[in-house]
file start_6.tsv (TSV, N, CA, C and O atoms)
chain	number	residue	atom	x	y	z
I	1	MET	N	3.91	31.14	5.97
I	1	MET	CA	3.44	30.27	7.04
I	1	MET	C	2.82	29.02	6.42
I	1	MET	O	2.07	29.11	5.47
I	2	ASN	N	3.13	27.90	7.04
I	2	ASN	CA	2.68	26.62	6.51
I	2	ASN	C	1.74	25.98	7.51
I	2	ASN	O	2.13	25.67	8.62
I	3	ASP	N	0.48	25.77	7.10
I	3	ASP	CA	-0.50	25.16	7.99
I	3	ASP	C	-0.66	23.66	7.76
I	3	ASP	O	-1.57	23.04	8.28
I	4	SER	N	0.22	23.06	6.94
I	4	SER	CA	0.08	21.63	6.64
I	4	SER	C	0.45	20.80	7.86
I	4	SER	O	1.23	21.20	8.70
I	5	PRO	N	-0.15	19.60	7.97
I	5	PRO	CA	0.15	18.73	9.09
I	5	PRO	C	1.59	18.23	9.04
I	5	PRO	O	2.26	18.35	8.01
I	6	GLN	N	2.05	17.65	10.13
I	6	GLN	CA	3.42	17.15	10.21
I	6	GLN	C	3.65	16.06	9.15
I	6	GLN	O	4.70	15.99	8.55
I	7	PHE	N	2.66	15.21	8.94
I	7	PHE	CA	2.75	14.16	7.93
I	7	PHE	C	1.68	14.39	6.87
I	7	PHE	O	0.57	14.80	7.18
I	8	PRO	N	1.98	14.08	5.62
I	8	PRO	CA	0.97	14.25	4.56
I	8	PRO	C	-0.06	13.13	4.61
I	8	PRO	O	0.15	12.10	5.23
I	9	HIS	N	-1.17	13.36	3.93
I	9	HIS	CA	-2.20	12.34	3.78
I	9	HIS	C	-1.74	11.37	2.69
I	9	HIS	O	-1.44	11.77	1.58
I	10	ILE	N	-1.66	10.09	3.02
I	10	ILE	CA	-1.20	9.06	2.10
I	10	ILE	C	-2.42	8.27	1.63
I	10	ILE	O	-3.28	7.93	2.43
I	11	VAL	N	-2.47	7.95	0.33
I	11	VAL	CA	-3.55	7.13	-0.22
I	11	VAL	C	-2.94	5.88	-0.84
I	11	VAL	O	-2.01	5.97	-1.65
I	12	VAL	N	-3.45	4.72	-0.41
I	12	VAL	CA	-3.12	3.46	-1.07
I	12	VAL	C	-4.35	3.15	-1.92
I	12	VAL	O	-5.43	2.90	-1.39
I	13	HIS	N	-4.18	3.23	-3.23
I	13	HIS	CA	-5.29	3.15	-4.17
I	13	HIS	C	-5.78	1.71	-4.34
I	13	HIS	O	-5.08	0.76	-3.99
I	14	PRO	N	-6.99	1.55	-4.90
I	14	PRO	CA	-7.53	0.20	-5.14
I	14	PRO	C	-6.59	-0.63	-6.00
I	14	PRO	O	-5.84	-0.08	-6.81
I	15	PRO	N	-6.64	-1.94	-5.84
I	15	PRO	CA	-5.78	-2.81	-6.64
I	15	PRO	C	-6.02	-2.65	-8.14
I	15	PRO	O	-7.17	-2.55	-8.59
I	16	ALA	N	-4.94	-2.64	-8.90
I	16	ALA	CA	-5.02	-2.66	-10.36
I	16	ALA	C	-5.33	-4.09	-10.80
I	16	ALA	O	-5.45	-5.00	-9.97
I	17	LEU	N	-5.44	-4.31	-12.09
I	17	LEU	CA	-5.75	-5.64	-12.61
I	17	LEU	C	-4.72	-6.68	-12.18
I	17	LEU	O	-5.05	-7.84	-12.00
I	18	ASP	N	-3.47	-6.27	-12.01
I	18	ASP	CA	-2.42	-7.20	-11.59
I	18	ASP	C	-2.31	-7.31	-10.07
I	18	ASP	O	-1.47	-8.03	-9.56
I	19	GLY	N	-3.16	-6.59	-9.34
I	19	GLY	CA	-3.16	-6.65	-7.88
I	19	GLY	C	-2.29	-5.61	-7.21
I	19	GLY	O	-2.34	-5.44	-6.00
I	20	SER	N	-1.47	-4.89	-7.99
I	20	SER	CA	-0.61	-3.86	-7.40
I	20	SER	C	-1.44	-2.64	-7.03
I	20	SER	O	-2.54	-2.43	-7.56
I	21	ARG	N	-0.91	-1.82	-6.12
I	21	ARG	CA	-1.63	-0.64	-5.65
I	21	ARG	C	-0.71	0.56	-5.65
I	21	ARG	O	0.40	0.51	-5.10
I	22	ARG	N	-1.16	1.67	-6.27
I	22	ARG	CA	-0.39	2.92	-6.24
I	22	ARG	C	-0.44	3.52	-4.86
I	22	ARG	O	-1.46	3.44	-4.16
I	23	VAL	N	0.65	4.14	-4.46
I	23	VAL	CA	0.73	4.86	-3.19
I	23	VAL	C	1.04	6.31	-3.52
I	23	VAL	O	2.04	6.60	-4.18
I	24	THR	N	0.15	7.21	-3.09
I	24	THR	CA	0.32	8.62	-3.42
I	24	THR	C	0.26	9.50	-2.18
I	24	THR	O	-0.27	9.11	-1.14
I	25	SER	N	0.81	10.68	-2.34
I	25	SER	CA	0.71	11.74	-1.34
I	25	SER	C	0.35	13.00	-2.11
I	25	SER	O	1.18	13.52	-2.87
I	26	GLY	N	-0.89	13.43	-2.00
I	26	GLY	CA	-1.35	14.54	-2.82
I	26	GLY	C	-1.31	14.13	-4.28
I	26	GLY	O	-1.81	13.06	-4.65
I	27	ASP	N	-0.69	14.94	-5.12
I	27	ASP	CA	-0.58	14.63	-6.55
I	27	ASP	C	0.66	13.81	-6.88
I	27	ASP	O	0.85	13.40	-8.02
I	28	ALA	N	1.50	13.56	-5.89
I	28	ALA	CA	2.75	12.83	-6.11
I	28	ALA	C	2.57	11.32	-5.93
I	28	ALA	O	2.03	10.87	-4.93
I	29	VAL	N	3.03	10.57	-6.93
I	29	VAL	CA	3.05	9.11	-6.82
I	29	VAL	C	4.34	8.73	-6.09
I	29	VAL	O	5.44	9.01	-6.57
I	30	LEU	N	4.18	8.10	-4.92
I	30	LEU	CA	5.35	7.69	-4.16
I	30	LEU	C	5.90	6.35	-4.64
I	30	LEU	O	7.08	6.07	-4.50
I	31	GLY	N	5.02	5.51	-5.18
I	31	GLY	CA	5.46	4.22	-5.68
I	31	GLY	C	4.29	3.30	-5.94
I	31	GLY	O	3.12	3.69	-5.78
I	32	VAL	N	4.60	2.08	-6.35
I	32	VAL	CA	3.60	1.05	-6.60
I	32	VAL	C	3.95	-0.14	-5.72
I	32	VAL	O	5.09	-0.61	-5.72
I	33	ALA	N	2.96	-0.59	-4.96
I	33	ALA	CA	3.18	-1.67	-4.00
I	33	ALA	C	2.47	-2.93	-4.45
I	33	ALA	O	1.37	-2.88	-4.99
I	34	SER	N	3.09	-4.07	-4.19
I	34	SER	CA	2.44	-5.35	-4.46
I	34	SER	C	2.24	-6.15	-3.18
I	34	SER	O	1.76	-7.27	-3.22
I	35	HIS	N	2.59	-5.52	-2.05
I	35	HIS	CA	2.46	-6.17	-0.74
I	35	HIS	C	2.56	-5.09	0.32
I	35	HIS	O	3.11	-4.02	0.08
I	36	LEU	N	2.07	-5.39	1.50
I	36	LEU	CA	2.14	-4.43	2.60
I	36	LEU	C	3.58	-4.00	2.89
I	36	LEU	O	3.84	-2.83	3.16
I	37	ASP	N	4.52	-4.93	2.78
I	37	ASP	CA	5.93	-4.58	3.00
I	37	ASP	C	6.42	-3.53	2.02
I	37	ASP	O	7.27	-2.71	2.35
I	38	ASP	N	5.87	-3.55	0.80
I	38	ASP	CA	6.23	-2.53	-0.19
I	38	ASP	C	5.76	-1.15	0.25
I	38	ASP	O	6.46	-0.16	0.06
I	39	VAL	N	4.56	-1.07	0.84
I	39	VAL	CA	4.06	0.21	1.33
I	39	VAL	C	4.99	0.74	2.43
I	39	VAL	O	5.35	1.92	2.42
I	40	VAL	N	5.40	-0.13	3.32
I	40	VAL	CA	6.33	0.27	4.39
I	40	VAL	C	7.62	0.81	3.79
I	40	VAL	O	8.12	1.87	4.20
I	41	GLU	N	8.15	0.12	2.78
I	41	GLU	CA	9.41	0.56	2.14
I	41	GLU	C	9.23	1.86	1.38
I	41	GLU	O	10.08	2.75	1.44
I	42	ILE	N	8.12	2.01	0.67
I	42	ILE	CA	7.85	3.26	-0.06
I	42	ILE	C	7.81	4.44	0.91
I	42	ILE	O	8.39	5.49	0.65
I	43	LEU	N	7.15	4.26	2.04
I	43	LEU	CA	7.08	5.34	3.04
I	43	LEU	C	8.44	5.60	3.67
I	43	LEU	O	8.79	6.74	3.94
I	44	ARG	N	9.22	4.55	3.88
I	44	ARG	CA	10.58	4.72	4.43
I	44	ARG	C	11.42	5.57	3.47
I	44	ARG	O	12.11	6.50	3.89
I	45	LEU	N	11.35	5.26	2.19
I	45	LEU	CA	12.13	6.00	1.20
I	45	LEU	C	11.68	7.46	1.10
I	45	LEU	O	12.45	8.32	0.70
I	46	ALA	N	10.43	7.73	1.45
I	46	ALA	CA	9.90	9.10	1.43
I	46	ALA	C	10.07	9.79	2.79
I	46	ALA	O	9.48	10.84	3.02
I	47	ASP	N	10.89	9.20	3.66
I	47	ASP	CA	11.11	9.72	5.02
I	47	ASP	C	9.83	9.82	5.83
I	47	ASP	O	9.63	10.74	6.62
I	48	LEU	N	8.92	8.86	5.61
I	48	LEU	CA	7.65	8.81	6.35
I	48	LEU	C	7.56	7.52	7.15
I	48	LEU	O	6.47	7.01	7.40
I	49	ASP	N	8.71	6.99	7.55
I	49	ASP	CA	8.73	5.69	8.22
I	49	ASP	C	8.25	5.72	9.67
I	49	ASP	O	8.19	4.69	10.31
I	50	ARG	N	7.87	6.87	10.16
I	50	ARG	CA	7.30	6.93	11.52
I	50	ARG	C	5.80	6.64	11.53
I	50	ARG	O	5.19	6.55	12.56
I	51	ILE	N	5.23	6.50	10.34
I	51	ILE	CA	3.80	6.22	10.22
I	51	ILE	C	3.57	4.72	10.42
I	51	ILE	O	4.22	3.90	9.80
I	52	GLU	N	2.64	4.38	11.31
I	52	GLU	CA	2.23	2.99	11.50
I	52	GLU	C	1.30	2.63	10.35
I	52	GLU	O	0.14	3.02	10.32
I	53	VAL	N	1.81	1.88	9.40
I	53	VAL	CA	1.11	1.64	8.14
I	53	VAL	C	-0.28	1.04	8.34
I	53	VAL	O	-1.25	1.49	7.72
I	54	GLU	N	-0.41	0.05	9.19
I	54	GLU	CA	-1.70	-0.64	9.32
I	54	GLU	C	-2.69	0.08	10.22
I	54	GLU	O	-3.88	-0.22	10.19
I	55	GLU	N	-2.24	1.05	11.03
I	55	GLU	CA	-3.12	1.65	12.02
I	55	GLU	C	-3.27	3.17	11.90
I	55	GLU	O	-4.09	3.75	12.59
I	56	SER	N	-2.52	3.80	11.04
I	56	SER	CA	-2.50	5.25	10.99
I	56	SER	C	-3.73	5.84	10.31
I	56	SER	O	-4.20	5.34	9.28
I	57	ASP	N	-4.24	6.91	10.88
I	57	ASP	CA	-5.33	7.68	10.26
I	57	ASP	C	-4.82	8.52	9.09
I	57	ASP	O	-5.60	9.09	8.35
I	58	LEU	N	-3.49	8.60	8.94
I	58	LEU	CA	-2.91	9.37	7.85
I	58	LEU	C	-2.93	8.60	6.53
I	58	LEU	O	-2.67	9.17	5.48
I	59	ILE	N	-3.23	7.30	6.59
I	59	ILE	CA	-3.27	6.49	5.38
I	59	ILE	C	-4.71	6.12	5.06
I	59	ILE	O	-5.42	5.58	5.90
I	60	GLU	N	-5.11	6.44	3.85
I	60	GLU	CA	-6.45	6.09	3.38
I	60	GLU	C	-6.31	4.87	2.47
I	60	GLU	O	-5.62	4.91	1.44
I	61	TRP	N	-6.91	3.77	2.88
I	61	TRP	CA	-6.88	2.53	2.10
I	61	TRP	C	-8.13	2.47	1.24
I	61	TRP	O	-9.23	2.34	1.76
I	62	GLN	N	-7.97	2.58	-0.06
I	62	GLN	CA	-9.11	2.54	-0.98
I	62	GLN	C	-9.19	1.16	-1.63
I	62	GLN	O	-8.18	0.60	-2.02
I	63	GLY	N	-10.39	0.62	-1.73
I	63	GLY	CA	-10.57	-0.66	-2.40
I	63	GLY	C	-10.09	-1.85	-1.59
I	63	GLY	O	-9.83	-2.90	-2.14
I	64	GLY	N	-9.96	-1.68	-0.30
I	64	GLY	CA	-9.51	-2.76	0.58
I	64	GLY	C	-8.45	-2.27	1.53
I	64	GLY	O	-7.79	-1.27	1.27
I	65	GLY	N	-8.30	-2.98	2.62
I	65	GLY	CA	-7.36	-2.58	3.65
I	65	GLY	C	-5.95	-3.13	3.44
I	65	GLY	O	-5.63	-3.64	2.37
I	66	PRO	N	-5.13	-3.05	4.48
I	66	PRO	CA	-3.73	-3.47	4.36
I	66	PRO	C	-3.54	-4.96	4.09
I	66	PRO	O	-2.47	-5.37	3.70
I	67	ASP	N	-4.58	-5.76	4.26
I	67	ASP	CA	-4.47	-7.19	4.00
I	67	ASP	C	-5.01	-7.59	2.64
I	67	ASP	O	-5.05	-8.77	2.30
I	68	ASP	N	-5.44	-6.62	1.83
I	68	ASP	CA	-6.06	-6.91	0.54
I	68	ASP	C	-5.08	-6.69	-0.62
I	68	ASP	O	-4.85	-5.57	-1.04
I	69	TRP	N	-4.51	-7.79	-1.08
I	69	TRP	CA	-3.57	-7.77	-2.20
I	69	TRP	C	-3.97	-8.89	-3.16
I	69	TRP	O	-3.29	-9.91	-3.26
I	70	PRO	N	-5.06	-8.75	-3.87
I	70	PRO	CA	-5.57	-9.84	-4.71
I	70	PRO	C	-4.61	-10.23	-5.82
I	70	PRO	O	-4.04	-9.39	-6.49
I	71	GLY	N	-4.41	-11.55	-5.94
I	71	GLY	CA	-3.60	-12.07	-7.03
I	71	GLY	C	-2.11	-12.01	-6.82
I	71	GLY	O	-1.37	-12.55	-7.60
I	72	LEU	N	-1.63	-11.36	-5.76
I	72	LEU	CA	-0.19	-11.22	-5.59
I	72	LEU	C	0.36	-11.88	-4.33
I	72	LEU	O	1.53	-12.15	-4.25
I	73	SER	N	-0.47	-12.16	-3.37
I	73	SER	CA	0.02	-12.66	-2.09
I	73	SER	C	0.20	-14.18	-2.13
I	73	SER	O	-0.70	-14.92	-2.49
I	74	GLU	N	1.37	-14.66	-1.77
I	74	GLU	CA	1.63	-16.10	-1.70
I	74	GLU	C	0.78	-16.74	-0.61
I	74	GLU	O	0.45	-17.91	-0.68
I	75	GLU	N	0.42	-15.99	0.42
I	75	GLU	CA	-0.37	-16.52	1.52
I	75	GLU	C	-1.78	-16.89	1.07
I	75	GLU	O	-2.42	-17.72	1.65
I	76	HIS	N	-2.26	-16.27	0.01
I	76	HIS	CA	-3.62	-16.51	-0.47
I	76	HIS	C	-3.67	-17.61	-1.52
I	76	HIS	O	-4.70	-17.89	-2.09
I	77	GLY	N	-2.51	-18.24	-1.81
I	77	GLY	CA	-2.49	-19.31	-2.79
I	77	GLY	C	-2.48	-18.79	-4.20
I	77	GLY	O	-2.16	-17.64	-4.46
I	78	ARG	N	-2.83	-19.67	-5.12
I	78	ARG	CA	-2.82	-19.32	-6.53
I	78	ARG	C	-4.09	-18.57	-6.91
I	78	ARG	O	-5.12	-18.77	-6.32
I	79	PRO	N	-3.96	-17.71	-7.94
I	79	PRO	CA	-5.16	-17.01	-8.43
I	79	PRO	C	-6.23	-18.00	-8.84
I	79	PRO	O	-5.93	-19.10	-9.30
I	80	HIS	N	-7.46	-17.60	-8.70
I	80	HIS	CA	-8.60	-18.44	-9.02
I	80	HIS	C	-8.50	-18.96	-10.46
I	80	HIS	O	-8.26	-18.21	-11.39
I	81	GLY	N	-8.69	-20.28	-10.62
I	81	GLY	CA	-8.69	-20.86	-11.94
I	81	GLY	C	-7.34	-21.34	-12.42
I	81	GLY	O	-7.23	-21.99	-13.46
I	82	GLU	N	-6.26	-21.06	-11.71
I	82	GLU	CA	-4.94	-21.51	-12.13
I	82	GLU	C	-4.75	-22.96	-11.77
I	82	GLU	O	-5.01	-23.39	-10.67
I	83	ARG	N	-4.27	-23.75	-12.72
I	83	ARG	CA	-4.05	-25.17	-12.48
I	83	ARG	C	-2.60	-25.45	-12.17
I	83	ARG	O	-1.72	-24.72	-12.60
I	84	THR	N	-2.37	-26.52	-11.45
I	84	THR	CA	-1.01	-26.87	-11.08
I	84	THR	C	-0.63	-28.23	-11.65
I	84	THR	O	-1.45	-29.13	-11.72
I	85	GLY	N	0.61	-28.37	-12.08
I	85	GLY	CA	1.27	-29.61	-12.43
I	85	GLY	C	0.49	-30.64	-13.25
I	85	GLY	O	0.54	-31.80	-12.95
I	86	GLU	N	-0.20	-30.23	-14.28
I	86	GLU	CA	-0.89	-31.21	-15.12
I	86	GLU	C	-0.05	-31.58	-16.30
I	86	GLU	O	0.65	-30.86	-16.86
call {"tool": "encode", "arguments": {"input": "start_6.tsv", "output": "structure tokens"}}
result
Amino acid sequence: MNDSPQFPHIVVHPPALDGSRRVTSGDAVLGVASHLDDVVEILRLADLDRIEVEESDLIEWQGGGPDDWPGLSEEHGRPHGERTGE
């Protein structure tokens, strides 16, 4: 008999030094994401695409929420201290 929930508990870990975030389910690493779209794709590949990534209680966001991708998001501009076209 299996008492586990229909969907596993997913953890999006705090950003690494490069801004990427590991996505795990239990002890299994599902993938490494550099953007929210990557998390969606990682879950799709794991047949977990019915989970609402930004709103689900099944996903634990550690070190920041779904909008926190330091150093990798084009929407946030260039990393602090980077110079352009000199």
call {"tool": "atom_distance", "arguments": {"input": "start_6.tsv", "atom1": "atom N of I:Trp61", "atom2": "atom C of I:Val32"}}
result
14.4 Å
call {"tool": "closest_residue", "arguments": {"input": "start_6.tsv", "among": "I:Gly26, I:Gly31, I:Gly63, I:Pro70", "to": "I:His13", "atoms": "only C-alpha atoms"}}
result
I:Gly63
call {"tool": "closest_residue", "arguments": {"input": "start_6.tsv", "among": "I:Val53, I:Ile42, I:Ile59, I:His35", "to": "I:Pro8", "atoms": "only N, CA, C and O atoms"}}
result
I:Ile59
call {"tool": "atom_distance", "arguments": {"input": "start_6.tsv", "atom1": "atom N of I:Leu58", "atom2": "atom O of I:Gly71"}}
result
26.9 Å
call {"tool": "residues_around", "arguments": {"input": "start_6.tsv", "residues": "I:Ser25", "least_positions_apart": "3", "cutoff": "6 Å", "atoms": "only N, CA, C and O atoms", "output": "mmCIF file with N, CA, C and O atoms, in the coordinates of the input"}}
result
data_model
loop_
_atom_site.group_PDB
_atom_site.id
_atom_site.type_symbol
_atom_site.label_atom_id
_atom_site.label_comp_id
_atom_site.auth_asym_id
_atom_site.auth_seq_id
_atom_site.Cartn_x
_atom_site.Cartn_y
_atom_site.Cartn_z
ATOM 1 N N HIS I 9 -1.170 13.360 3.930
ATOM 2 C CA HIS I 9 -2.200 12.340 3.780
ATOM 3 C C HIS I 9 -1.740 11.370 2.690
ATOM 4 O O HIS I 9 -1.440 11.770 1.580
ATOM 5 N N ILE I 10 -1.660 10.090 3.020
ATOM 6 C CA ILE I 10 -1.200 9.060 2.100
ATOM 7 C C ILE I 10 -2.420 8.270 1.630
ATOM 8 O O ILE I 10 -3.280 7.930 2.430
ATOM 9 N N VAL I 11 -2.470 7.950 0.330
ATOM 10 C CA VAL I 11 -3.550 7.130 -0.220
ATOM 11 C C VAL I 11 -2.940 5.880 -0.840
ATOM 12 O O VAL I 11 -2.010 5.970 -1.650
ATOM 13 N N ALA I 28 1.500 13.560 -5.890
ATOM 14 C CA ALA I 28 2.750 12.830 -6.110
ATOM 15 C C ALA I 28 2.570 11.320 -5.930
ATOM 16 O O ALA I 28 2.030 10.870 -4.930
ATOM 17 N N VAL I 29 3.030 10.570 -6.930
ATOM 18 C CA VAL I 29 3.050 9.110 -6.820
ATOM 19 C C VAL I 29 4.340 8.730 -6.090
ATOM 20 O O VAL I 29 5.440 9.010 -6.570
ATOM 21 N N LEU I 30 4.180 8.100 -4.920
ATOM 22 C CA LEU I 30 5.350 7.690 -4.160
ATOM 23 C C LEU I 30 5.900 6.350 -4.640
ATOM 24 O O LEU I 30 7.080 6.070 -4.500
#
call {"tool": "select_by_dssp", "arguments": {"input": "start_6.tsv", "residues": "stretch 6-60 of chain I", "states": "helix (DSSP H, G or I)", "output": "PDB file with N, CA, C and O atoms, keeping the file's coordinate frame"}}
result
ATOM      1  N   LEU I  36       2.070  -5.390   1.500  1.00  0.00           N
ATOM      2  CA  LEU I  36       2.140  -4.430   2.600  1.00  0.00           C
ATOM      3  C   LEU I  36       3.580  -4.000   2.890  1.00  0.00           C
ATOM      4  O   LEU I  36       3.840  -2.830   3.160  1.00  0.00           O
ATOM      5  N   ASP I  37       4.520  -4.930   2.780  1.00  0.00           N
ATOM      6  CA  ASP I  37       5.930  -4.580   3.000  1.00  0.00           C
ATOM      7  C   ASP I  37       6.420  -3.530   2.020  1.00  0.00           C
ATOM      8  O   ASP I  37       7.270  -2.710   2.350  1.00  0.00           O
ATOM      9  N   ASP I  38       5.870  -3.550   0.800  1.00  0.00           N
ATOM     10  CA  ASP I  38       6.230  -2.530  -0.190  1.00  0.00           C
ATOM     11  C   ASP I  38       5.760  -1.150   0.250  1.00  0.00           C
ATOM     12  O   ASP I  38       6.460  -0.160   0.060  1.00  0.00           O
ATOM     13  N   VAL I  39       4.560  -1.070   0.840  1.00  0.00           N
ATOM     14  CA  VAL I  39       4.060   0.210   1.330  1.00  0.00           C
ATOM     15  C   VAL I  39       4.990   0.740   2.430  1.00  0.00           C
ATOM     16  O   VAL I  39       5.350   1.920   2.420  1.00  0.00           O
ATOM     17  N   VAL I  40       5.400  -0.130   3.320  1.00  0.00           N
ATOM     18  CA  VAL I  40       6.330   0.270   4.390  1.00  0.00           C
ATOM     19  C   VAL I  40       7.620   0.810   3.790  1.00  0.00           C
ATOM     20  O   VAL I  40       8.120   1.870   4.200  1.00  0.00           O
ATOM     21  N   GLU I  41       8.150   0.120   2.780  1.00  0.00           N
ATOM     22  CA  GLU I  41       9.410   0.560   2.140  1.00  0.00           C
ATOM     23  C   GLU I  41       9.230   1.860   1.380  1.00  0.00           C
ATOM     24  O   GLU I  41      10.080   2.750   1.440  1.00  0.00           O
ATOM     25  N   ILE I  42       8.120   2.010   0.670  1.00  0.00           N
ATOM     26  CA  ILE I  42       7.850   3.260  -0.060  1.00  0.00           C
ATOM     27  C   ILE I  42       7.810   4.440   0.910  1.00  0.00           C
ATOM     28  O   ILE I  42       8.390   5.490   0.650  1.00  0.00           O
ATOM     29  N   LEU I  43       7.150   4.260   2.040  1.00  0.00           N
ATOM     30  CA  LEU I  43       7.080   5.340   3.040  1.00  0.00           C
ATOM     31  C   LEU I  43       8.440   5.600   3.670  1.00  0.00           C
ATOM     32  O   LEU I  43       8.790   6.740   3.940  1.00  0.00           O
ATOM     33  N   ARG I  44       9.220   4.550   3.880  1.00  0.00           N
ATOM     34  CA  ARG I  44      10.580   4.720   4.430  1.00  0.00           C
ATOM     35  C   ARG I  44      11.420   5.570   3.470  1.00  0.00           C
ATOM     36  O   ARG I  44      12.110   6.500   3.890  1.00  0.00           O
ATOM     37  N   LEU I  45      11.350   5.260   2.190  1.00  0.00           N
ATOM     38  CA  LEU I  45      12.130   6.000   1.200  1.00  0.00           C
ATOM     39  C   LEU I  45      11.680   7.460   1.100  1.00  0.00           C
ATOM     40  O   LEU I  45      12.450   8.320   0.700  1.00  0.00           O
TER      41      LEU I  45
END
